[in-house]
Amino acid sequence: MSFEHLTDGLGIGVPAPRLTWTLPVGSGLQEAYELELDRFATVHRTGRVESPEQVLVKWPGAPLTSRERVTVRVRVWTPDTPGPSAWSEPATIEAGLLDPADWQAIPVGAGWDEDPQADRRPARVRKDFRLDRPVERARLYVTAHGLYEVEINGRRVGDEALTPGWTVYPHRLRYRTHDVTAHLIDGANTIGAWLGDGWYRGRYGFDGGTRNIYGTDQSLIAQLEITYADGITRVIATDPTWTAARGPIVSSGLYEGEAFDARLHDPGWATPHAPGAQWTPVRVHSRDPRTLVAPQGPPVRCTQELSPVTITRKDDGRYLLDFGQNLVGRLRITADGPAGTVVTLRHAEVLQDGELATRPLREATSTDVLTLAGTGPLTWEPRFTLHGFRYAEISGWPGELTTEHVAARVYHTDMHRTGWFECSDPMVNRLHENVVWSMRGNFVDIPTDCPQRDERLGWTGDIQVFAPTASYLHDCAGMLDSWLTDVGLEQLPDGTIPWYVPVIPGEPMWTPIQPGAAWGDAAVLTPWTLYQRFGDLELLRRHYPTARAWVDLVTRLAGPSRLWDTGFQLGDWLDPAAPPDDPAAGRTDRYLVATAYFAHSARHLALTAQALGNEQEAERYGALADEVAEAFRYRYVVASGRMTDDSPTAYALGLAFDLLTQDQRPTAGERLAQLVLADDARIATGFVGTPLICDALTDTGHLDVAYRLLLQTECPSWLYPVTMGATTIWERWDSLRPDGTLNPGGMTSFNHYALGAVADWLHRVVGGLTATAPGYREVHFHPRPGGGITWARTRHVSPYGVVAASWESTADGGLTACLTVPDGCRATAALPGCQPVSLGPGKHILETADLSTEAA
């Protein structure tokens, strides 16, 4: 059982959390359920509830109070069983601090003066305390201005990284809840925390970044609540009685990397002992407890370790490491050498002439430094930084470096993997794997554009186009729900959605903030996508005001003409035809793009209103969408269906967004196919057109052209980077030129997920799996083979369970297919040349030879 979008119910911040369960295997369809809540040693049962609902079911009892712990079980009735199922395994939920008055902790940090514009040596803070009676349980509620890692009696609390993550800090600062009962001992105890700058006050943003975006203090906010066996509770909260000292981290930054001097480190600093003279009283800062919120999704964690595939020793003693995979994370090394030995770690995504190519990093130096203490082998990993890299250079290494001494640790938001795809074409499989790795590297607490250079921002347009792919591959509902909350907080009073969220100082191009199509439309389209994938109507409801304000703004900008043809626009960003100094100047009129998105968002806002039961607004925004579509046709489409902008993106928008009449669609589809083939099926679209073009071709009867586009290997194409050894999706189609040189532009990333949005087409068209009701409650299986691909399979863990589809060509030109439908769900299957068939829960084997009725 899960609570909201969390599998771990400890510290939940929702007083009435919704419940989700999957049915026992073979149950079929649920007719009714019964929930049991065990709270305060009092058991409450709902009795039989006649309902097929099992996803995000309303909390059945009184709301939780702060710290309340409840055990929940469920049993169900199905049509084929005479009685209820057995009770599920019990799941426990425990509320966090739900009332601001629960907080006693205040921010505490370094007690000395710091230069706000300089690299500042991070502080550590600590507190000694004694326990004189048996402990029943202990909870730590903790967050920080900056980043933190907590230890109790020398033992790390939790395994999260870069906590508390990045939110719009003035309005929302996440805290986490930890069960630390096992960390405590009888008698003397110590709690301590490492602190880091992070996003809060570190150097971040364009052109080398800006310091102190949110504040100048680096502070811990921690509240340790200990309940003794006799029921008495003791609270140890950050306050003026804590002490602080400079730690062995000499400097730390998300862009710069981290420097650690082991000679300055006392391993027992967070254990009970008499602290040295360097420990002085902390300085107290302020925080409104009303801004402290519990997480909606999982934290960042290390999810994988990779060993180098090659280690090459240079003539000057440096070592060059290739991990075989472009990743986001940090190196962990074990080194042994004389005191004062300095080991330097540098990182890059690609090589140029056999050396690290650091130019694409711009001002992100991405360098970690370890100074050894000479006390024996030391295993070390930076704490408060991340790097995007495939290659690393290690210099100053004492002795010979082997694979036993170093590993790359992969970090990202610890979302559950939910989607897989593979087919008979190895290059397409590598492309899909590249998409997965780029999502992992750019879902680091917020959805970023890139993970390596001095940027790493939550660009709204990137996630808008990628959300359908992201929500298939990973359970990102909680994480993106949190980010969308910040989108609403950063929305300007007139309805403008910023280009990136959270908002930080930017280049003149992005200041002042202006409304832009495709980017601002994330406010409408991303919540809708999440609703379709996860079935969360309340998520849709929460973000509806933000979406409505955006569409209302565009309506005012367009005026009576219903054409959005003014203002700053990015158009089809990074169209391959755009000049290097103006990525927005592609071959498609940027106002055509803007008006198309206006119609598309108005249509989806109407669908959202309808789903929420607001028929009046659904009718109003539906009529608006019709008007904008008509204006689009009047301005940009001639009667035959040809577009005034004779570009692939223009046709892809008109077709995929359903802006053309039925009579115009065949001509538009034919012209789109001609344009693609005229350039030998090379990519001619940017961020806007690329996610749409294969669907536009497929839906107008040009599946063969869509496959040619997919399988092209010449630059620009999806598979060209694969031929160049790419292991992630690139920002530019030619980030690495065919001659092996870097793209000369100042904006060249080798880990950008946006152009990987084609994976959604792979899942739905090649794999054949499409959700036709929110949360995959209903599924349509409709594979459309082509391109010489002889088999494909895809699998998705939906809220109801695993839904899977696979097919394989047969010798007679038909297909053998297998579809798995979760309990509680239904499906239809439409194999090529066959009439659709209805399917219930279970595993189904289908043969085209057995479904011989030709489709009408």
# chains A, B, ... in the order shown; residues from 1 in each chain; ligands from 1
>>> closest_atom_pairs(of="segment 131-196 of chain A", to="segment 469-482 of chain A", cutoff="12 Å", atoms="only C-alpha atoms", output="Markdown table")
| residue | atom | partner | partner_atom | distance |
| --- | --- | --- | --- | --- |
| A:Gly165 | CA | A:Met479 | CA | 10.9 |
| A:Trp166 | CA | A:Ser482 | CA | 10.3 |
| A:Thr167 | CA | A:Ser482 | CA | 8.3 |
| A:Val168 | CA | A:Ser482 | CA | 10.4 |
| A:Arg172 | CA | A:Ser482 | CA | 9.9 |
| A:Leu173 | CA | A:Ser482 | CA | 11.2 |
| A:Arg174 | CA | A:Ser482 | CA | 10.2 |
>>> residues_around(residues="segment 87-103 of chain A", least_positions_apart="5", cutoff="8 Å", atoms="only C-alpha atoms", output="list in words")
Met1, Phe3, Asp8, Gly9, Leu10, Gly11, Ile12, Gly13, Val14, Pro15, Leu64, Thr65, Ser66, Arg67, Glu68, Arg69, Val70, Thr71, Val72, Arg73, Val74, Arg75, Tyr141, Thr177, Gln223, Pro289, Arg290, Leu292 and Ala294 of chain A
>>> closest_residue(among="A:Asp589, A:Asp552, A:Asp113, A:Glu422", to="Tyr621 of chain A", atoms="only C-alpha atoms")
A:Asp552
>>> residues_around(residues="Asp322 of chain A", least_positions_apart="4", cutoff="8 Å", atoms="only C-alpha atoms", output="JSON, numbers by chain")
{"A": [308, 309, 310, 311, 390, 391, 392]}
>>> write_last_selection(atoms="N, CA, C and O atoms", output="PDB file, in the first residue's frame")
ATOM      1  N   PRO A 308      35.341   2.072 -13.561  1.00  0.00           N
ATOM      2  CA  PRO A 308      35.874   2.520 -14.858  1.00  0.00           C
ATOM      3  C   PRO A 308      36.096   1.344 -15.792  1.00  0.00           C
ATOM      4  O   PRO A 308      36.531   0.271 -15.366  1.00  0.00           O
ATOM      5  N   VAL A 309      35.771   1.548 -17.076  1.00  0.00           N
ATOM      6  CA  VAL A 309      36.022   0.482 -18.050  1.00  0.00           C
ATOM      7  C   VAL A 309      37.462   0.527 -18.539  1.00  0.00           C
ATOM      8  O   VAL A 309      38.007  -0.494 -18.973  1.00  0.00           O
ATOM      9  N   THR A 310      38.071   1.723 -18.485  1.00  0.00           N
ATOM     10  CA  THR A 310      39.494   1.838 -18.806  1.00  0.00           C
ATOM     11  C   THR A 310      40.129   2.860 -17.867  1.00  0.00           C
ATOM     12  O   THR A 310      39.493   3.838 -17.456  1.00  0.00           O
ATOM     13  N   ILE A 311      41.384   2.623 -17.540  1.00  0.00           N
ATOM     14  CA  ILE A 311      42.214   3.579 -16.801  1.00  0.00           C
ATOM     15  C   ILE A 311      43.507   3.735 -17.588  1.00  0.00           C
ATOM     16  O   ILE A 311      44.234   2.760 -17.786  1.00  0.00           O
ATOM     17  N   ARG A 390      31.400  11.490 -18.041  1.00  0.00           N
ATOM     18  CA  ARG A 390      31.730  10.114 -18.389  1.00  0.00           C
ATOM     19  C   ARG A 390      33.210   9.855 -18.092  1.00  0.00           C
ATOM     20  O   ARG A 390      33.591   8.756 -17.710  1.00  0.00           O
ATOM     21  N   TYR A 391      33.989  10.914 -18.243  1.00  0.00           N
ATOM     22  CA  TYR A 391      35.442  10.809 -18.083  1.00  0.00           C
ATOM     23  C   TYR A 391      35.882  11.585 -16.848  1.00  0.00           C
ATOM     24  O   TYR A 391      35.297  12.605 -16.493  1.00  0.00           O
ATOM     25  N   ALA A 392      36.909  11.092 -16.198  1.00  0.00           N
ATOM     26  CA  ALA A 392      37.500  11.788 -15.061  1.00  0.00           C
ATOM     27  C   ALA A 392      39.015  11.719 -15.179  1.00  0.00           C
ATOM     28  O   ALA A 392      39.571  10.734 -15.689  1.00  0.00           O
TER      29      ALA A 392
END
>>> closest_residue(among="A:Ala161, A:Val551, A:Ala339, A:Ala123", to="Pro299 of chain A", atoms="only C-alpha atoms")
A:Ala161
>>> residues_around(residues="Gly567 of chain A", least_positions_apart="5", cutoff="9 Å", atoms="only C-alpha atoms", output="list in words")
Gln514, Pro515, Gly516, Leu557 and Tyr591 of chain A
>>> select_by_dssp(residues="segment 394-523 of chain A", states="strand (DSSP E or B)", output="PyMOL selection string")
chain A and resi 394-395+406-413+417+419-423+443-444+446-447+459+474+500
>>> residues_around(residues="segment 809-825 of chain A", least_positions_apart="2", cutoff="7 Å", atoms="only C-alpha atoms", output="MDAnalysis selection string")
chainID A and resid 23 25:30 777:778 790:791 800:807 827 840:849
>>> residues_around(residues="segment 662-668 of chain A", least_positions_apart="3", cutoff="10 Å", atoms="only C-alpha atoms", output="list in words")
Arg633, Val637, Val638, Ala639, Ser640, Gly641, Arg642, Met643, Asp646, Pro648, Ala650, Tyr651, Ala652, Gly654, Leu655, Asp658, Leu659, Arg671, Leu672, Ala673, Gln674, Ala696, Leu697, Asp699, Thr700 and Gly701 of chain A
>>> closest_residue(among="A:Leu184, A:Val676, A:Leu653, A:Val436", to="Thr588 of chain A", atoms="only C-alpha atoms")
A:Leu653
>>> closest_residue(among="A:Val135, A:Gly520, A:Gln296, A:Thr727", to="Leu539 of chain A", atoms="only C-alpha atoms")
A:Gln296
>>> closest_residue(among="A:Ile213, A:Ala623, A:Ala684, A:Leu327", to="Pro505 of chain A", atoms="only C-alpha atoms")
A:Ile213
>>> residues_around(residues="Thr413 of chain A", least_positions_apart="3", cutoff="8 Å", atoms="only C-alpha atoms", output="ChimeraX atom specification")
/A:298-301,440,443-445
>>> atom_distance(atom1="atom CA of Gln532 of chain A", atom2="atom CA of Gly775 of chain A")
5.8 Å
>>> closest_residue(among="A:Tyr636, A:Phe534, A:Trp550, A:Tyr544", to="Thr496 of chain A", atoms="only C-alpha atoms")
A:Trp550
>>> atom_distance(atom1="atom CA of Asp449 of chain A", atom2="atom CA of Gly461 of chain A")
9.3 Å
>>> select_by_dssp(residues="segment 654-841 of chain A", states="alpha helix (DSSP H)", output="PyMOL selection string")
chain A and resi 654-656+665-678+690-699+703-711+720-723+759-761
>>> write_last_selection(atoms="N, CA and C atoms", output="compact mmCIF listing (two decimals), in the first residue's frame")
# COMPACT_ATOMS: atom_id res chain seq x y z
N GLY A 654 0.28 21.52 -36.67
CA GLY A 654 -1.09 21.54 -37.18
C GLY A 654 -1.77 20.19 -37.07
N LEU A 655 -1.02 19.13 -37.34
CA LEU A 655 -1.59 17.78 -37.32
C LEU A 655 -1.69 17.23 -35.90
N ALA A 656 -0.60 17.29 -35.13
CA ALA A 656 -0.59 16.68 -33.80
C ALA A 656 -1.51 17.41 -32.84
N ARG A 665 -6.22 17.59 -43.54
CA ARG A 665 -5.22 16.71 -42.94
C ARG A 665 -4.47 15.84 -43.97
N PRO A 666 -5.14 15.23 -44.95
CA PRO A 666 -4.39 14.39 -45.90
C PRO A 666 -3.33 15.18 -46.65
N THR A 667 -3.66 16.38 -47.09
CA THR A 667 -2.69 17.18 -47.82
C THR A 667 -1.52 17.57 -46.92
N ALA A 668 -1.85 17.98 -45.70
CA ALA A 668 -0.79 18.36 -44.78
C ALA A 668 0.11 17.17 -44.45
N GLY A 669 -0.48 16.01 -44.24
CA GLY A 669 0.32 14.83 -43.96
C GLY A 669 1.22 14.45 -45.12
N GLU A 670 0.66 14.54 -46.34
CA GLU A 670 1.45 14.22 -47.53
C GLU A 670 2.61 15.19 -47.69
N ARG A 671 2.34 16.49 -47.45
CA ARG A 671 3.42 17.47 -47.59
C ARG A 671 4.48 17.27 -46.51
N LEU A 672 4.08 16.93 -45.31
CA LEU A 672 5.06 16.66 -44.25
C LEU A 672 5.95 15.50 -44.64
N ALA A 673 5.37 14.44 -45.16
CA ALA A 673 6.16 13.29 -45.60
C ALA A 673 7.12 13.69 -46.71
N GLN A 674 6.66 14.52 -47.64
CA GLN A 674 7.54 14.98 -48.73
C GLN A 674 8.73 15.75 -48.18
N LEU A 675 8.47 16.63 -47.23
CA LEU A 675 9.55 17.43 -46.65
C LEU A 675 10.58 16.56 -45.95
N VAL A 676 10.09 15.56 -45.23
CA VAL A 676 11.02 14.66 -44.54
C VAL A 676 11.87 13.89 -45.54
N LEU A 677 11.24 13.36 -46.57
CA LEU A 677 11.97 12.56 -47.55
C LEU A 677 12.89 13.41 -48.42
N ALA A 678 12.51 14.67 -48.63
CA ALA A 678 13.33 15.55 -49.46
C ALA A 678 14.71 15.77 -48.86
N THR A 690 10.12 18.22 -32.70
CA THR A 690 10.68 16.87 -32.59
C THR A 690 9.77 15.88 -31.85
N PRO A 691 9.13 16.26 -30.73
CA PRO A 691 8.26 15.30 -30.06
C PRO A 691 6.99 14.96 -30.83
N LEU A 692 6.65 15.76 -31.85
CA LEU A 692 5.36 15.63 -32.52
C LEU A 692 5.44 14.98 -33.89
N ILE A 693 6.59 15.02 -34.54
CA ILE A 693 6.62 14.73 -35.97
C ILE A 693 6.32 13.27 -36.28
N CYS A 694 6.80 12.35 -35.46
CA CYS A 694 6.51 10.94 -35.75
C CYS A 694 5.03 10.62 -35.61
N ASP A 695 4.38 11.22 -34.61
CA ASP A 695 2.94 11.02 -34.48
C ASP A 695 2.19 11.65 -35.64
N ALA A 696 2.61 12.84 -36.07
CA ALA A 696 1.94 13.49 -37.20
C ALA A 696 2.04 12.64 -38.46
N LEU A 697 3.18 12.03 -38.69
CA LEU A 697 3.35 11.15 -39.84
C LEU A 697 2.52 9.87 -39.68
N THR A 698 2.59 9.29 -38.51
CA THR A 698 1.87 8.03 -38.27
C THR A 698 0.37 8.21 -38.45
N ASP A 699 -0.16 9.29 -37.90
CA ASP A 699 -1.61 9.48 -37.90
C ASP A 699 -2.16 9.87 -39.27
N LEU A 703 3.46 5.98 -41.82
CA LEU A 703 4.23 5.26 -40.82
C LEU A 703 5.63 4.92 -41.33
N ASP A 704 5.73 4.56 -42.60
CA ASP A 704 7.03 4.21 -43.17
C ASP A 704 8.00 5.37 -43.11
N VAL A 705 7.50 6.58 -43.31
CA VAL A 705 8.36 7.76 -43.24
C VAL A 705 8.78 8.03 -41.79
N ALA A 706 7.87 7.82 -40.87
CA ALA A 706 8.21 7.99 -39.46
C ALA A 706 9.34 7.03 -39.07
N TYR A 707 9.26 5.80 -39.54
CA TYR A 707 10.34 4.84 -39.24
C TYR A 707 11.65 5.25 -39.92
N ARG A 708 11.57 5.78 -41.12
CA ARG A 708 12.80 6.24 -41.77
C ARG A 708 13.44 7.37 -40.97
N LEU A 709 12.61 8.24 -40.45
CA LEU A 709 13.11 9.33 -39.62
C LEU A 709 13.75 8.79 -38.35
N LEU A 710 13.09 7.83 -37.73
CA LEU A 710 13.63 7.23 -36.51
C LEU A 710 14.98 6.57 -36.75
N LEU A 711 15.12 5.87 -37.87
CA LEU A 711 16.28 5.01 -38.10
C LEU A 711 17.40 5.68 -38.88
N TYR A 720 22.20 9.43 -34.99
CA TYR A 720 23.55 9.93 -35.24
C TYR A 720 24.40 9.96 -33.96
N PRO A 721 23.90 10.50 -32.83
CA PRO A 721 24.71 10.46 -31.61
C PRO A 721 25.07 9.03 -31.19
N VAL A 722 24.17 8.09 -31.45
CA VAL A 722 24.47 6.69 -31.11
C VAL A 722 25.68 6.20 -31.91
N THR A 723 25.72 6.58 -33.19
CA THR A 723 26.87 6.17 -34.01
C THR A 723 28.16 6.82 -33.53
N ALA A 759 10.87 8.91 -27.28
CA ALA A 759 10.65 7.62 -26.60
C ALA A 759 9.18 7.38 -26.32
N ASP A 760 8.42 8.43 -26.15
CA ASP A 760 6.97 8.24 -25.95
C ASP A 760 6.35 7.59 -27.18
N TRP A 761 6.80 7.96 -28.36
CA TRP A 761 6.32 7.33 -29.59
C TRP A 761 6.79 5.87 -29.66
>>> atom_distance(atom1="atom CA of Glu256 of chain A", atom2="atom CA of Pro122 of chain A")
14.2 Å
>>> decode(residues="segment 550-573 of chain A", atoms="N, CA and C atoms", output="CSV table (one decimal), in the first residue's frame")
chain,number,residue,atom,x,y,z
A,550,TRP,N,-2.6,31.2,-16.8
A,550,TRP,CA,-1.8,31.2,-18.0
A,550,TRP,C,-2.6,31.4,-19.3
A,551,VAL,N,-3.6,30.6,-19.5
A,551,VAL,CA,-4.4,30.7,-20.7
A,551,VAL,C,-5.2,32.0,-20.7
A,552,ASP,N,-5.6,32.5,-19.6
A,552,ASP,CA,-6.3,33.8,-19.6
A,552,ASP,C,-5.3,34.9,-20.0
A,553,LEU,N,-4.0,34.8,-19.6
A,553,LEU,CA,-3.0,35.8,-20.0
A,553,LEU,C,-2.9,35.7,-21.5
A,554,VAL,N,-2.7,34.6,-22.1
A,554,VAL,CA,-2.5,34.5,-23.5
A,554,VAL,C,-3.7,35.0,-24.3
A,555,THR,N,-4.9,34.7,-23.7
A,555,THR,CA,-6.1,35.2,-24.3
A,555,THR,C,-6.1,36.7,-24.4
A,556,ARG,N,-5.6,37.4,-23.3
A,556,ARG,CA,-5.5,38.9,-23.4
A,556,ARG,C,-4.5,39.3,-24.4
A,557,LEU,N,-3.3,38.6,-24.4
A,557,LEU,CA,-2.3,39.0,-25.4
A,557,LEU,C,-2.7,38.8,-26.8
A,558,ALA,N,-3.5,37.8,-27.1
A,558,ALA,CA,-3.9,37.5,-28.4
A,558,ALA,C,-5.0,38.5,-28.9
A,559,GLY,N,-5.9,38.9,-27.9
A,559,GLY,CA,-6.9,39.8,-28.2
A,559,GLY,C,-8.0,39.2,-29.1
A,560,PRO,N,-8.8,40.0,-29.7
A,560,PRO,CA,-10.0,39.5,-30.5
A,560,PRO,C,-9.5,38.6,-31.7
A,561,SER,N,-8.3,38.8,-32.2
A,561,SER,CA,-7.9,38.1,-33.4
A,561,SER,C,-7.6,36.6,-33.0
A,562,ARG,N,-7.4,36.3,-31.7
A,562,ARG,CA,-7.1,35.0,-31.3
A,562,ARG,C,-5.7,34.5,-31.8
A,563,LEU,N,-4.9,35.4,-32.3
A,563,LEU,CA,-3.6,35.0,-32.8
A,563,LEU,C,-2.5,35.6,-31.8
A,564,TRP,N,-1.7,34.8,-31.3
A,564,TRP,CA,-0.6,35.2,-30.4
A,564,TRP,C,0.6,35.6,-31.3
A,565,ASP,N,0.6,36.8,-31.7
A,565,ASP,CA,1.6,37.2,-32.7
A,565,ASP,C,2.4,38.4,-32.3
A,566,THR,N,2.7,38.5,-30.9
A,566,THR,CA,3.5,39.6,-30.4
A,566,THR,C,4.4,39.0,-29.3
A,567,GLY,N,5.4,39.8,-29.0
A,567,GLY,CA,6.3,39.5,-27.9
A,567,GLY,C,7.4,38.5,-28.2
A,568,PHE,N,8.3,38.3,-27.2
A,568,PHE,CA,9.5,37.5,-27.3
A,568,PHE,C,9.1,36.0,-27.3
A,569,GLN,N,9.6,35.2,-28.3
A,569,GLN,CA,9.3,33.8,-28.4
A,569,GLN,C,10.5,33.0,-28.7
A,570,LEU,N,10.6,31.8,-28.3
A,570,LEU,CA,11.7,30.9,-28.6
A,570,LEU,C,11.4,30.1,-29.8
A,571,GLY,N,10.2,30.0,-30.2
A,571,GLY,CA,9.8,29.3,-31.4
A,571,GLY,C,10.2,27.8,-31.3
A,572,ASP,N,10.7,27.3,-32.4
A,572,ASP,CA,11.1,25.9,-32.5
A,572,ASP,C,12.6,25.8,-32.1
A,573,TRP,N,12.9,26.0,-30.8
A,573,TRP,CA,14.2,26.2,-30.3
A,573,TRP,C,15.2,25.0,-30.8
